[in-house]
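J.: Before I ask anything, let me first share the structure, which is written out below as structure tokens.
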Amino acid sequence: MACLSFSFAQIEAFSTVAALGTVSQAAKLLGKDRATVSELIEFLEAALGYALFSRQGRTLALTPEGQRLKRQAALLMRQAQAFDAAARHVRHDISDEISLVYDPFVPRPFLCRLIETLAESNIRVSACSAVQLALCQARNRSLGSEMAWRSVGVVELDFYAAASLFAGEQPVSLFELASQPQLVMHPAPDGVAAKQGRIADRTFYTNDRALLRHMLESGQGWAFLPKHFAAASWRDVKAIDVEVGNLALSQMIVMLWKPGMTIDFAVSEAIKIVPDVWAEPAVTLAGHAG
């Protein structure tokens, strides 16, 4: 492709003067000095090898050559303006996508707000097998170089059971807890997260909150759950006092991703946004009895 012998600024100056008829008016419209506009046209004429305007004092008239190029220059300017408009909005017109996985302890109001906030940055969130970002409970183990991580915040926990399950005096002893089935909000018994907080000899695992609620309400066991589940609002379910104490019970939520993925715009933007969204009180403290 041959190099152009003139610049866009020269064509812009020519097109504007041709449309307005004077260098002064063109300079005012373009926000340039009158001398600069005159110089741009002179350089363009020198590059083309012929005059575009005939000068009669302060009056400019298009030469036959200039008349033939006037329309082409005007079309080029409209195309340039269209390109400028597209270039300014291209970031808003392209949607990035990030895949996210999360465990049952992550508050749903937080996830809803996170999806809304990422959408404001034109990043769509979807769940699929090729996960880019994970939100889960901290497992207190070394990740080595396989994963990068960042803490997001803490989820407050408490003990919950049907009112009839521990009918005696409270606080409930560890022996009494161990003697009753424990309901664990996790899909499998062999994971590290599933073993955290396990007290009872008999445990039942579920990753379905509706099923967990049914089991608690029917007195089939007790559970160690996030407060944002609002389990105390479920039928006949209440928070129970335990002899080990109920204060300062919490679980850290962390964000995980593969090293090197921060070069992806959507991932790097999400890593910055997640902690800010978590810090909004409404998304972690709001009860969710789903």
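Order determines the names: the first chain of the structure tokens is A, the second B, and so forth; residues in each chain are numbered 1 upward, and ligands are numbered 1 upward as they are shown.
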Can you pull out every residue within 6 Å of Glu156 of chain A, counting only C-alpha atoms, but drop anything in the same chain fewer than 5 positions away, and send it as a compact mmCIF listing (two decimals) with N, CA and C atoms, in the first residue's frame?

T.:
```txt
# COMPACT_ATOMS: atom_id res chain seq x y z
N PRO A 226 -24.30 -19.79 57.60
CA PRO A 226 -24.12 -18.33 57.55
C PRO A 226 -25.38 -17.62 58.04
N LYS A 227 -25.19 -16.51 58.73
CA LYS A 227 -26.33 -15.76 59.24
C LYS A 227 -27.17 -15.17 58.11
N LEU A 249 -17.89 -16.19 65.38
CA LEU A 249 -17.86 -17.36 64.50
C LEU A 249 -17.98 -16.86 63.06
N SER A 250 -16.98 -17.14 62.28
CA SER A 250 -16.99 -16.61 60.91
C SER A 250 -16.18 -17.50 59.99
```

J.: Contacts of Glu217 of chain A at 8 Å or less, counting only C-alpha atoms, minus same-chain residues fewer than 3 places along, as an NGL selection string?

T.: :A and (161-162 or 213-214 or 220 or 234-237)

J.: Using only C-alpha atoms, what does the table of segment 27-59 of chain A residues within 12 Å of segment 67-76 of chain A look like, with each row giving the shortest atom pair and its distance in Å to one decimal, sorted by chain and ascending number, as JSON lines?

T.:
```
{"residue": "A:Glu45", "atom": "CA", "partner": "A:Leu69", "partner_atom": "CA", "distance": 11.8}
{"residue": "A:Leu48", "atom": "CA", "partner": "A:Leu69", "partner_atom": "CA", "distance": 11.3}
{"residue": "A:Tyr50", "atom": "CA", "partner": "A:Leu69", "partner_atom": "CA", "distance": 11.9}
{"residue": "A:Ala51", "atom": "CA", "partner": "A:Gln67", "partner_atom": "CA", "distance": 10.8}
{"residue": "A:Leu52", "atom": "CA", "partner": "A:Gln67", "partner_atom": "CA", "distance": 7.8}
{"residue": "A:Phe53", "atom": "CA", "partner": "A:Gln67", "partner_atom": "CA", "distance": 8.9}
{"residue": "A:Ser54", "atom": "CA", "partner": "A:Gln67", "partner_atom": "CA", "distance": 11.2}
```

J.: When distances are computed from only C-alpha atoms, which of A:Ala230, A:Met255, A:Val277, A:Ile199 shows the smallest separation from Leu111 of chain A?

T.: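 Looking at the shortest contact to Leu111 of chain A, the residue is A:Val277.
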
J.: Determine which residues of segment 56-229 of chain A receive a DSSP assignment of helix (DSSP H, G or I), computed from the backbone, and state them as a PyMOL selection string.

T.: chain A and resi 64-93+108-120+174-179+192-195+209-217+227-229

J.: Would you list the contacts of Trp149 of chain A as number ranges by chain, taking every protein, DNA or RNA residue within 10 Å and counting only C-alpha atoms, but skipping same-chain residues closer than 6 positions in sequence?

T.: A: 133-135, 138, 143, 254-259, 271

J.: Excluding Asp264 of chain A and any residue of its chain fewer than 3 positions from it, enumerate the residues within 10 Å of it, using only C-alpha atoms, and give them as a PyMOL selection string.

T.: chain A and resi 96+98+132+260-261+267-269

J.: Segment 142-272 of chain A: which residues are strand (DSSP E) by DSSP, as a PyMOL selection string?

T.: chain A and resi 148-162+182-185+203-206+222-226+237-239+250-257

J.: Would you save the residues from that selection as a PDB file, in the first residue's frame, using C-alpha atoms?

T.:
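Output (part.pdb):
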```
ATOM      1  CA  ALA A 148      -3.585 -16.762  42.925  1.00  0.00           C
ATOM      2  CA  TRP A 149      -5.978 -15.560  45.610  1.00  0.00           C
ATOM      3  CA  ARG A 150      -7.319 -12.546  47.433  1.00  0.00           C
ATOM      4  CA  SER A 151      -9.519 -12.301  50.504  1.00  0.00           C
ATOM      5  CA  VAL A 152     -12.968 -10.844  49.899  1.00  0.00           C
ATOM      6  CA  GLY A 153     -14.537 -10.716  53.359  1.00  0.00           C
ATOM      7  CA  VAL A 154     -15.988 -12.833  56.135  1.00  0.00           C
ATOM      8  CA  VAL A 155     -19.342 -14.582  56.515  1.00  0.00           C
ATOM      9  CA  GLU A 156     -20.742 -14.696  60.053  1.00  0.00           C
ATOM     10  CA  LEU A 157     -21.985 -18.107  61.204  1.00  0.00           C
ATOM     11  CA  ASP A 158     -24.252 -19.508  63.879  1.00  0.00           C
ATOM     12  CA  PHE A 159     -25.810 -22.817  64.989  1.00  0.00           C
ATOM     13  CA  TYR A 160     -29.404 -23.550  63.928  1.00  0.00           C
ATOM     14  CA  ALA A 161     -31.895 -26.319  64.706  1.00  0.00           C
ATOM     15  CA  ALA A 162     -35.596 -27.000  65.062  1.00  0.00           C
ATOM     16  CA  GLN A 182     -25.412 -32.539  61.516  1.00  0.00           C
ATOM     17  CA  LEU A 183     -26.595 -31.048  58.230  1.00  0.00           C
ATOM     18  CA  VAL A 184     -23.666 -29.801  56.156  1.00  0.00           C
ATOM     19  CA  MET A 185     -24.122 -27.341  53.309  1.00  0.00           C
ATOM     20  CA  THR A 203     -23.610 -36.007  58.894  1.00  0.00           C
ATOM     21  CA  PHE A 204     -25.881 -35.396  55.926  1.00  0.00           C
ATOM     22  CA  TYR A 205     -24.598 -33.338  52.991  1.00  0.00           C
ATOM     23  CA  THR A 206     -26.622 -31.204  50.620  1.00  0.00           C
ATOM     24  CA  TRP A 222     -28.832 -29.175  63.193  1.00  0.00           C
ATOM     25  CA  ALA A 223     -26.616 -26.995  60.997  1.00  0.00           C
ATOM     26  CA  PHE A 224     -23.730 -24.540  61.237  1.00  0.00           C
ATOM     27  CA  LEU A 225     -24.801 -21.886  58.724  1.00  0.00           C
ATOM     28  CA  PRO A 226     -24.125 -18.333  57.550  1.00  0.00           C
ATOM     29  CA  VAL A 237     -36.074 -23.123  63.379  1.00  0.00           C
ATOM     30  CA  LYS A 238     -34.039 -21.022  65.808  1.00  0.00           C
ATOM     31  CA  ALA A 239     -30.440 -20.122  66.561  1.00  0.00           C
ATOM     32  CA  SER A 250     -16.994 -16.609  60.912  1.00  0.00           C
ATOM     33  CA  GLN A 251     -15.655 -18.045  57.690  1.00  0.00           C
ATOM     34  CA  MET A 252     -13.365 -16.195  55.289  1.00  0.00           C
ATOM     35  CA  ILE A 253     -14.493 -15.970  51.662  1.00  0.00           C
ATOM     36  CA  VAL A 254     -11.685 -15.784  49.106  1.00  0.00           C
ATOM     37  CA  MET A 255     -11.408 -15.169  45.388  1.00  0.00           C
ATOM     38  CA  LEU A 256      -9.288 -17.567  43.303  1.00  0.00           C
ATOM     39  CA  TRP A 257      -7.933 -17.321  39.776  1.00  0.00           C
TER      40      TRP A 257
END
```

J.: Please list as an MDAnalysis selection string every residue within 10 Å of Leu29 of chain A, counting only C-alpha atoms and excluding residues in the same chain fewer than 4 positions away.

T.: chainID A and resid 16:17 20 23:25

J.: Would you pick out the contacts of segment 9-11 of chain A at 7 Å or less, using only C-alpha atoms, so that residues sharing its chain but fewer than 5 positions from it are not included, and give the list as a PyMOL selection string?

T.: chain A and resi 40-41+44+73

J.: May I have the residues within 7 Å of Val125 of chain A as a PyMOL selection string, using only C-alpha atoms and disregarding those fewer than 6 positions away in the same chain?

T.: chain A and resi 97-100+115

J.: Give me a file of those residues, with all heavy atoms, as a PDB file, in the first residue's frame.

T.:
```pdb
ATOM      1  N   GLU A  97     -16.838 -11.233  28.779  1.00  0.00           N
ATOM      2  CA  GLU A  97     -17.561 -12.259  29.527  1.00  0.00           C
ATOM      3  C   GLU A  97     -16.605 -12.935  30.490  1.00  0.00           C
ATOM      4  O   GLU A  97     -15.439 -13.179  30.169  1.00  0.00           O
ATOM      5  CB  GLU A  97     -18.164 -13.291  28.584  1.00  0.00           C
ATOM      6  CG  GLU A  97     -19.009 -14.332  29.301  1.00  0.00           C
ATOM      7  CD  GLU A  97     -19.767 -15.232  28.339  1.00  0.00           C
ATOM      8  OE1 GLU A  97     -20.189 -14.732  27.280  1.00  0.00           O
ATOM      9  OE2 GLU A  97     -19.924 -16.425  28.660  1.00  0.00           O
ATOM     10  N   ILE A  98     -17.102 -13.218  31.684  1.00  0.00           N
ATOM     11  CA  ILE A  98     -16.299 -13.903  32.684  1.00  0.00           C
ATOM     12  C   ILE A  98     -17.132 -15.042  33.255  1.00  0.00           C
ATOM     13  O   ILE A  98     -18.344 -14.895  33.475  1.00  0.00           O
ATOM     14  CB  ILE A  98     -15.846 -12.933  33.799  1.00  0.00           C
ATOM     15  CG1 ILE A  98     -14.902 -13.625  34.781  1.00  0.00           C
ATOM     16  CG2 ILE A  98     -17.023 -12.327  34.524  1.00  0.00           C
ATOM     17  CD1 ILE A  98     -14.269 -12.691  35.769  1.00  0.00           C
ATOM     18  N   SER A  99     -16.512 -16.170  33.454  1.00  0.00           N
ATOM     19  CA  SER A  99     -17.200 -17.320  34.054  1.00  0.00           C
ATOM     20  C   SER A  99     -16.865 -17.374  35.540  1.00  0.00           C
ATOM     21  O   SER A  99     -15.717 -17.198  35.936  1.00  0.00           O
ATOM     22  CB  SER A  99     -16.781 -18.621  33.353  1.00  0.00           C
ATOM     23  OG  SER A  99     -15.376 -18.733  33.295  1.00  0.00           O
ATOM     24  N   LEU A 100     -17.872 -17.600  36.343  1.00  0.00           N
ATOM     25  CA  LEU A 100     -17.737 -17.516  37.793  1.00  0.00           C
ATOM     26  C   LEU A 100     -18.337 -18.745  38.451  1.00  0.00           C
ATOM     27  O   LEU A 100     -19.409 -19.203  38.074  1.00  0.00           O
ATOM     28  CB  LEU A 100     -18.462 -16.254  38.295  1.00  0.00           C
ATOM     29  CG  LEU A 100     -18.551 -16.033  39.797  1.00  0.00           C
ATOM     30  CD1 LEU A 100     -17.176 -15.705  40.359  1.00  0.00           C
ATOM     31  CD2 LEU A 100     -19.525 -14.905  40.091  1.00  0.00           C
ATOM     32  N   ILE A 115     -23.103  -9.063  39.853  1.00  0.00           N
ATOM     33  CA  ILE A 115     -23.467  -9.202  38.441  1.00  0.00           C
ATOM     34  C   ILE A 115     -23.915  -7.863  37.871  1.00  0.00           C
ATOM     35  O   ILE A 115     -23.566  -7.488  36.752  1.00  0.00           O
ATOM     36  CB  ILE A 115     -24.569 -10.266  38.281  1.00  0.00           C
ATOM     37  CG1 ILE A 115     -23.989 -11.663  38.580  1.00  0.00           C
ATOM     38  CG2 ILE A 115     -25.169 -10.239  36.879  1.00  0.00           C
ATOM     39  CD1 ILE A 115     -25.022 -12.760  38.651  1.00  0.00           C
TER      40      ILE A 115
END
```

J.: Rank A:Ala85, A:Ser164, A:Ser5, A:Asn122 by their smallest atom-to-atom distance to Ala46 of chain A, using only C-alpha atoms, and report the top residue only.

T.: A:Ser5
